[in-house]
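Participant: Right, I'll just put the structure down here and ask away after.
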Amino acid sequence: MKRATLLGCFLKTFTTGVSWYWGNMSVYTDSYYRATLGPHSGFGTPWVMSTFLIGFSIGLVITERTARLIGRTWTNIVSFVLFESGILLSYLSLNSAASAMTGTMGVLAGLGSGITEGQLLYYVLAWSDHHVGFVSALVSSSYSGGSILINQFVTLYINPHNLSPDVKDGNNVYFTQTSVIERIPTSNIHTDALVIKENHGCTSNWSQNTSATTDDIRDMPLQRSCVDSYKGLTSTHHESVHVDEACNGRRQNQNNDSSDLGHAHENTKSTEDHTTWQMLQTKTFYTLWFCAIATDYGYIIMTNFYKTYGQIRIKHDHFLTNVAVVTVAASTLSEIGWGAVLDRIKVKHCLMLYLSSLALLGSFWFFTPIVSKYLYMLCTIMVCSMNAGMYVLFFMGIFKYFGTKNFSLNNGLIFSGSVVVNIGVPPVINLILKHYGWFVLFFSVGAVNALALIVAVLLLPAN
């Protein structure tokens with residue numbers, strides 16, 4: 001049951017990583033809006049991705065409370081309905097105001113994706129006694145991995161002849177060819193069908209409703225009835241056959257802990273549990289909160305503009321899609337690597353590596369397509385591979401610094417900074433692009449992460 005649950009978590013997030021394929025889709029949707037609604041219709045802003053991340057953060061905060069009110073199964077269903085409603089309604093948004101996409105692909109899909117991620121983290125903590133970082137990264141890696149298929153499908157369907165954007169307007173370039181524009185709405189329908197089919201199958205087979213808390217599952221004493229302890233994980237009679245096996249396996253794992261796990265297990269242990277109020281009184285919380293804002297800023301620019309900027313310098317649409325595909329594949333493996341490293345190295349040291357890498361790469365990213373399209377691909381892969389560790393890094397930071405009690409709410413509060421940055425950043429990005437251009441935009445990624453690095457070095461304790 002443990003492996004089936006974690007596999008279900010992996011598959012459930014396979015298509016919910018909108019942020020990993022929106023950068024490719026936005027190039028086409030912006031061209032469609034410009035062609036059908038006019039050059040002043042409000043397209044081309046990062047608000048869709050920003051509202052998605054706002055909804056995602058809110059979803060993380062409300063996951064546990066929602067699950068306590070309606071149960072895990074219904075929470076899974078709610079997340080499915082919200083996400084798929086956002087994806088389906090995005091087709092209608094293409095033929096209305098450009099701002100409508102922020103409510104569909106943005107808020108609705110983001111909220112559903114956030115609740116899904118919150119559920120995933122619950123199950124990871126519930127079933128992973130050891131190597132929590134590696135397991136959480138492995139399970140959540142599908143969040144980016146699913147976009148490999150979607151990115152390829154979108155480009156090959158919309159632009160099978162590898163046409164290049166033919167109109168330059170300000171700092172951006174756009175498609176106006178009829179053969180490209182007329183296929184954009186129908187691509188949404190096919191993409192929606194692919195996402196819904198996969199997501200529906202995973203939702204219907206994901207773990208059953210449970211009212212148990214993470215602590216109930218992780219820290220069950222042996223003197224307590226093991227069968228009673230596992231009742232929170234099984235809501236149907238036919239699953240009871242697995243309970244004895246689970247209990248026996250748990251006893252065996254507990255007996256072998258001291259001899260088998262060594263240093264990795266010691267580093268995976270969390271500190272004593274903090275209430276949310278206690279967490280809010282620590283400088284560690286605000287340090288992580290600020291670092292999350294800095295990394296989210298770079299994430300917004302990366303996911304929104306890697307292809308938009310690339311098309312100005314590289315006249316090869318399929319190559320840029322391949323950049324996205326290879327980048328996502330590398331990022332998926334990188335996320336798993338981050339998880340394994342976090343089980344063995346202190347969170348502060350990993351965060352310092354993470355922020356310093358983004359500061360360095362962000363400072364030089366602008367120049368790479370000028371030198372070579374392959375250097376641009378390499379740098380994009382490296383930037384995204386670093387950024388892939390964002391969620392698992394802060395997940396483990398909260399786990400190790402503040403424990404598992406109130407984990408869902410604590411995790412959501414760390415990422416509440418995402419709401420702040422995603423409200424404030426879109427107009428700032430538009431201002432930078434209008435008055436200063438692409439160099440300042442990309443360089444700002446390095447500068448913001450460098451500032452976060454200084455804050456982390458000075459204020460974050462070595463857990």
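Note on naming: chains are A, B, ... as they come in the structure tokens, residues start from 1 per chain, ligands start from 1 in the order shown.
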Kindly assemble as a tab-separated table a list of the stretch 161-183 of chain A residues that lie within 9 Å of stretch 31-41 of chain A, each paired with its nearest atom pair and their distance in Å to one decimal, using only C-alpha atoms, sorted first by chain and then by ascending residue number.
Facilitator:
residue	atom	partner	partner_atom	distance
A:Pro165	CA	A:Ser31	CA	8.9
A:Asp169	CA	A:Pro39	CA	8.9
A:Val173	CA	A:Ser31	CA	8.6
A:Tyr174	CA	A:Ser31	CA	5.2
A:Phe175	CA	A:Ser31	CA	5.4
A:Thr176	CA	A:Ala35	CA	6.6
A:Val180	CA	A:Tyr32	CA	8.9
A:Ile181	CA	A:Tyr32	CA	5.7
A:Glu182	CA	A:Tyr32	CA	8.3
Participant: Leaving out A:Thr321 and any residue of its chain fewer than 5 positions from it, which residues lie within 12 Å of it when counting only C-alpha atoms, given as a VMD selection string?
Facilitator: chain A and resid 20 to 25 27 147 to 156 158 to 160 162 306 to 308 310 to 311 314 to 316 326 to 328 377
Participant: Can you write just those residues out, N, CA, C and O atoms, as a compact mmCIF listing (two decimals), in the first residue's frame?
Facilitator:
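This is the output file out_14.txt:
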# COMPACT_ATOMS: atom_id res chain seq x y z
N TRP A 20 5.72 24.73 -15.67
CA TRP A 20 6.83 24.19 -16.46
C TRP A 20 6.51 24.11 -17.95
O TRP A 20 7.40 23.85 -18.76
N TYR A 21 5.25 24.30 -18.34
CA TYR A 21 4.98 24.34 -19.78
C TYR A 21 4.30 25.63 -20.23
O TYR A 21 4.09 25.83 -21.42
N TRP A 22 4.00 26.52 -19.28
CA TRP A 22 3.38 27.78 -19.69
C TRP A 22 4.34 28.65 -20.49
O TRP A 22 3.95 29.38 -21.39
N GLY A 23 5.62 28.62 -20.17
CA GLY A 23 6.59 29.42 -20.90
C GLY A 23 6.59 29.11 -22.39
O GLY A 23 6.82 30.00 -23.22
N ASN A 24 6.34 27.85 -22.74
CA ASN A 24 6.25 27.46 -24.15
C ASN A 24 4.90 27.85 -24.75
O ASN A 24 4.82 28.39 -25.85
N MET A 25 3.82 27.64 -23.99
CA MET A 25 2.48 27.95 -24.49
C MET A 25 2.24 29.45 -24.61
O MET A 25 1.52 29.90 -25.52
N VAL A 27 4.02 31.86 -25.59
CA VAL A 27 4.48 32.45 -26.85
C VAL A 27 3.37 32.39 -27.89
O VAL A 27 3.15 33.36 -28.64
N SER A 147 5.56 17.90 -18.13
CA SER A 147 5.57 18.91 -19.18
C SER A 147 6.47 18.53 -20.35
O SER A 147 6.43 19.20 -21.39
N ILE A 148 7.29 17.49 -20.20
CA ILE A 148 8.11 17.03 -21.33
C ILE A 148 7.21 16.66 -22.50
O ILE A 148 7.41 17.09 -23.65
N LEU A 149 6.18 15.87 -22.23
CA LEU A 149 5.25 15.44 -23.26
C LEU A 149 4.42 16.61 -23.77
O LEU A 149 4.23 16.79 -24.98
N ILE A 150 3.92 17.44 -22.85
CA ILE A 150 3.03 18.54 -23.24
C ILE A 150 3.76 19.57 -24.09
O ILE A 150 3.21 20.07 -25.08
N ASN A 151 5.00 19.91 -23.72
CA ASN A 151 5.76 20.89 -24.51
C ASN A 151 5.96 20.42 -25.95
O ASN A 151 5.80 21.20 -26.90
N GLN A 152 6.33 19.16 -26.10
CA GLN A 152 6.54 18.63 -27.45
C GLN A 152 5.24 18.62 -28.24
O GLN A 152 5.21 19.00 -29.42
N PHE A 153 4.17 18.19 -27.61
CA PHE A 153 2.88 18.12 -28.31
C PHE A 153 2.44 19.50 -28.78
O PHE A 153 2.01 19.68 -29.93
N VAL A 154 2.50 20.48 -27.88
CA VAL A 154 2.03 21.83 -28.20
C VAL A 154 2.76 22.40 -29.41
O VAL A 154 2.14 22.90 -30.36
N THR A 155 4.07 22.32 -29.41
CA THR A 155 4.85 22.91 -30.51
C THR A 155 4.65 22.16 -31.82
O THR A 155 4.47 22.78 -32.88
N LEU A 156 4.70 20.84 -31.77
CA LEU A 156 4.56 20.07 -33.01
C LEU A 156 3.16 20.19 -33.60
O LEU A 156 2.98 20.13 -34.82
N ILE A 158 1.04 23.01 -33.10
CA ILE A 158 0.80 24.38 -33.54
C ILE A 158 1.72 24.79 -34.68
O ILE A 158 1.30 25.47 -35.62
N ASN A 159 2.97 24.40 -34.59
CA ASN A 159 3.97 24.88 -35.56
C ASN A 159 4.76 23.71 -36.15
O ASN A 159 5.97 23.60 -35.96
N PRO A 160 4.09 22.83 -36.88
CA PRO A 160 4.77 21.64 -37.40
C PRO A 160 5.85 21.96 -38.44
O PRO A 160 6.77 21.17 -38.64
N ASN A 162 7.93 24.51 -38.29
CA ASN A 162 9.05 25.22 -37.65
C ASN A 162 9.20 26.65 -38.17
O ASN A 162 10.31 27.12 -38.46
N TYR A 306 11.85 32.38 -20.81
CA TYR A 306 13.00 31.70 -21.42
C TYR A 306 12.83 31.55 -22.92
O TYR A 306 13.77 31.71 -23.70
N LYS A 307 11.60 31.29 -23.38
CA LYS A 307 11.38 31.12 -24.81
C LYS A 307 11.11 32.46 -25.49
O LYS A 307 11.54 32.67 -26.63
N THR A 308 10.43 33.35 -24.80
CA THR A 308 10.15 34.67 -25.37
C THR A 308 11.46 35.39 -25.71
O THR A 308 11.62 35.95 -26.79
N GLY A 310 14.44 33.87 -25.95
CA GLY A 310 15.19 33.02 -26.87
C GLY A 310 14.81 33.25 -28.32
O GLY A 310 15.67 33.21 -29.21
N GLN A 311 13.53 33.53 -28.58
CA GLN A 311 13.08 33.72 -29.96
C GLN A 311 13.63 35.01 -30.58
O GLN A 311 13.69 35.12 -31.80
N ILE A 314 17.29 33.51 -31.36
CA ILE A 314 17.41 32.20 -32.00
C ILE A 314 16.19 31.98 -32.90
O ILE A 314 15.07 31.84 -32.41
N LYS A 315 16.39 31.91 -34.18
CA LYS A 315 15.29 31.77 -35.15
C LYS A 315 15.04 30.30 -35.45
O LYS A 315 15.23 29.81 -36.57
N HIS A 316 14.64 29.57 -34.41
CA HIS A 316 14.42 28.12 -34.58
C HIS A 316 13.46 27.67 -33.48
O HIS A 316 13.86 27.33 -32.38
N VAL A 326 14.58 19.26 -22.87
CA VAL A 326 15.81 18.81 -22.22
C VAL A 326 15.95 19.44 -20.84
O VAL A 326 16.38 18.79 -19.88
N THR A 327 15.57 20.71 -20.74
CA THR A 327 15.66 21.41 -19.46
C THR A 327 14.76 20.76 -18.42
O THR A 327 15.16 20.56 -17.26
N VAL A 328 13.54 20.43 -18.81
CA VAL A 328 12.61 19.81 -17.87
C VAL A 328 13.11 18.43 -17.44
O VAL A 328 13.04 18.06 -16.26
N MET A 377 21.15 26.95 -24.31
CA MET A 377 20.52 25.74 -23.82
C MET A 377 21.18 25.26 -22.53
O MET A 377 20.50 24.92 -21.55
Participant: So how many Å separate atom CA of A:Gly446 and atom CA of A:Leu361, to one decimal?
Facilitator: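 Computed distance, atom CA of A:Gly446 to atom CA of A:Leu361, equals 7.0 Å.
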Participant: Listing only residues of stretch 413-458 of chain A within 10 Å of stretch 334-358 of chain A, what is the closest atom pair and its distance in Å (to one decimal) for each, using only C-alpha atoms, sorted by chain and residue number ascending, as CSV?
Facilitator:
residue,atom,partner,partner_atom,distance
A:Val445,CA,A:Leu358,CA,7.5
A:Gly446,CA,A:Leu358,CA,6.1
A:Ala447,CA,A:Leu358,CA,9.3
A:Val448,CA,A:Leu355,CA,9.3
A:Asn449,CA,A:Leu355,CA,5.5
A:Ala450,CA,A:Ser356,CA,6.5
A:Leu451,CA,A:Leu355,CA,9.0
A:Ala452,CA,A:Leu355,CA,7.0
A:Leu453,CA,A:Leu355,CA,5.5
A:Ile454,CA,A:Met352,CA,8.8
A:Val455,CA,A:Met352,CA,9.9
A:Ala456,CA,A:Met352,CA,7.1
A:Val457,CA,A:Met352,CA,7.1
Participant: Could you jot down the atom CA of A:Gly417 to atom CA of A:Cys384 separation for me, Å, one decimal place?
Facilitator: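 Here the two named atoms are 20.5 Å from each other.
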Participant: For a test of reading the model, state the distance in Å between atom CA of A:Phe56 and atom CA of A:Leu111, rounded to one decimal.
Facilitator: 4.8 Å
Participant: Please list as JSON, numbers by chain every residue within 6 Å of A:Asp273, counting only C-alpha atoms and excluding residues in the same chain fewer than 3 positions away.
Facilitator: {"A": [402, 403, 405]}
Participant: At a cut-off of 8 Å, using only C-alpha atoms, what residues contact stretch 362-366 of chain A? Leave out same-chain residues fewer than 5 positions from it and give the result as a ChimeraX atom specification.
Facilitator: /A:376,379-380,383,438-439,442-447
Participant: Using only C-alpha atoms, which residue out of A:Leu88, A:Val81, A:Leu431, A:Met390 lies closest to A:His190?
Facilitator: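 Using only C-alpha atoms, A:His190 sits closest to A:Leu88.
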Participant: Which residues of stretch 34-102 of chain A come within 12 Å of stretch 278-298 of chain A, and what is each one's closest atom pair and distance in Å (one decimal), counting only C-alpha atoms, sorted by chain and residue number, as JSON lines?
Facilitator:
{"residue": "A:Pro46", "atom": "CA", "partner": "A:Tyr297", "partner_atom": "CA", "distance": 11.4}
{"residue": "A:Met49", "atom": "CA", "partner": "A:Asp296", "partner_atom": "CA", "distance": 11.2}
{"residue": "A:Ser50", "atom": "CA", "partner": "A:Asp296", "partner_atom": "CA", "distance": 9.8}
{"residue": "A:Leu53", "atom": "CA", "partner": "A:Asp296", "partner_atom": "CA", "distance": 9.0}
{"residue": "A:Ile54", "atom": "CA", "partner": "A:Asp296", "partner_atom": "CA", "distance": 10.9}
{"residue": "A:Ser57", "atom": "CA", "partner": "A:Asp296", "partner_atom": "CA", "distance": 11.3}
Participant: Selected residues, C-alpha atoms, written as a PDB file, in the first residue's frame, please.
Facilitator:
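Saved the output as result39.pdb:
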ATOM      1  CA  PRO A  46       3.378  37.466 -16.532  1.00  0.00           C
ATOM      2  CA  MET A  49       1.954  32.543 -14.157  1.00  0.00           C
ATOM      3  CA  SER A  50       1.810  34.886 -11.173  1.00  0.00           C
ATOM      4  CA  LEU A  53       1.581  30.633  -8.194  1.00  0.00           C
ATOM      5  CA  ILE A  54      -0.666  32.718  -5.923  1.00  0.00           C
ATOM      6  CA  SER A  57       0.406  29.029  -2.416  1.00  0.00           C
TER       7      SER A  57
END
Participant: Smallest atom-to-atom distance to A:Val425: which of A:Val440, A:Leu409, A:Ile300, A:Ala109, using only C-alpha atoms?
Facilitator: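 Closest to A:Val425, using only C-alpha atoms: A:Ile300.
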Participant: From the options A:Phe407, A:Tyr28, A:Tyr299, A:Trp47, which residue's atoms come nearest to A:Val107, counting only C-alpha atoms?
Facilitator: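 Under the stated criterion, the closest residue is A:Trp47.
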Participant: With distances taken over only C-alpha atoms, which of A:Val428, A:Asn76, A:Asn188, A:His318 is nearest to A:His161?
Facilitator: A:His318
Participant: Of the candidates A:Leu120, A:Leu138, A:Val167, A:Ala462, which one gets nearest to A:Lys400 if we count only C-alpha atoms?
Facilitator: A:Ala462
Participant: Could you pull out the residues in stretch 149-197 of chain A that DSSP calls strand (DSSP E or B) from the backbone, as JSON, numbers by chain?
Facilitator: {"A": [167, 168, 169, 172, 173, 174]}
Participant: Using the selection just defined, write its residues with N, CA and C atoms as a CSV table (one decimal), in the first residue's frame.
Facilitator:
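The result, stored in part-v2.csv:
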chain,number,residue,atom,x,y,z
A,167,VAL,N,6.9,39.1,-36.7
A,167,VAL,CA,6.7,40.5,-36.3
A,167,VAL,C,7.4,40.8,-35.0
A,168,LYS,N,8.1,41.9,-35.0
A,168,LYS,CA,8.8,42.4,-33.8
A,168,LYS,C,8.0,43.6,-33.3
A,169,ASP,N,7.7,43.6,-32.0
A,169,ASP,CA,6.9,44.7,-31.4
A,169,ASP,C,7.5,45.0,-30.1
A,172,ASN,N,9.5,42.2,-27.9
A,172,ASN,CA,9.1,40.8,-28.2
A,172,ASN,C,8.8,40.6,-29.7
A,173,VAL,N,8.7,39.3,-30.0
A,173,VAL,CA,8.4,38.9,-31.4
A,173,VAL,C,7.2,38.0,-31.3
A,174,TYR,N,6.4,38.0,-32.4
A,174,TYR,CA,5.1,37.3,-32.4
A,174,TYR,C,4.9,36.6,-33.8
Participant: Measuring atom to atom with only C-alpha atoms, identify which of A:Asn171, A:Phe52, A:Ile398, A:Arg65 is nearest to A:Lys434.
Facilitator: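 Answer, going by the shortest atom-to-atom distance: A:Asn171.
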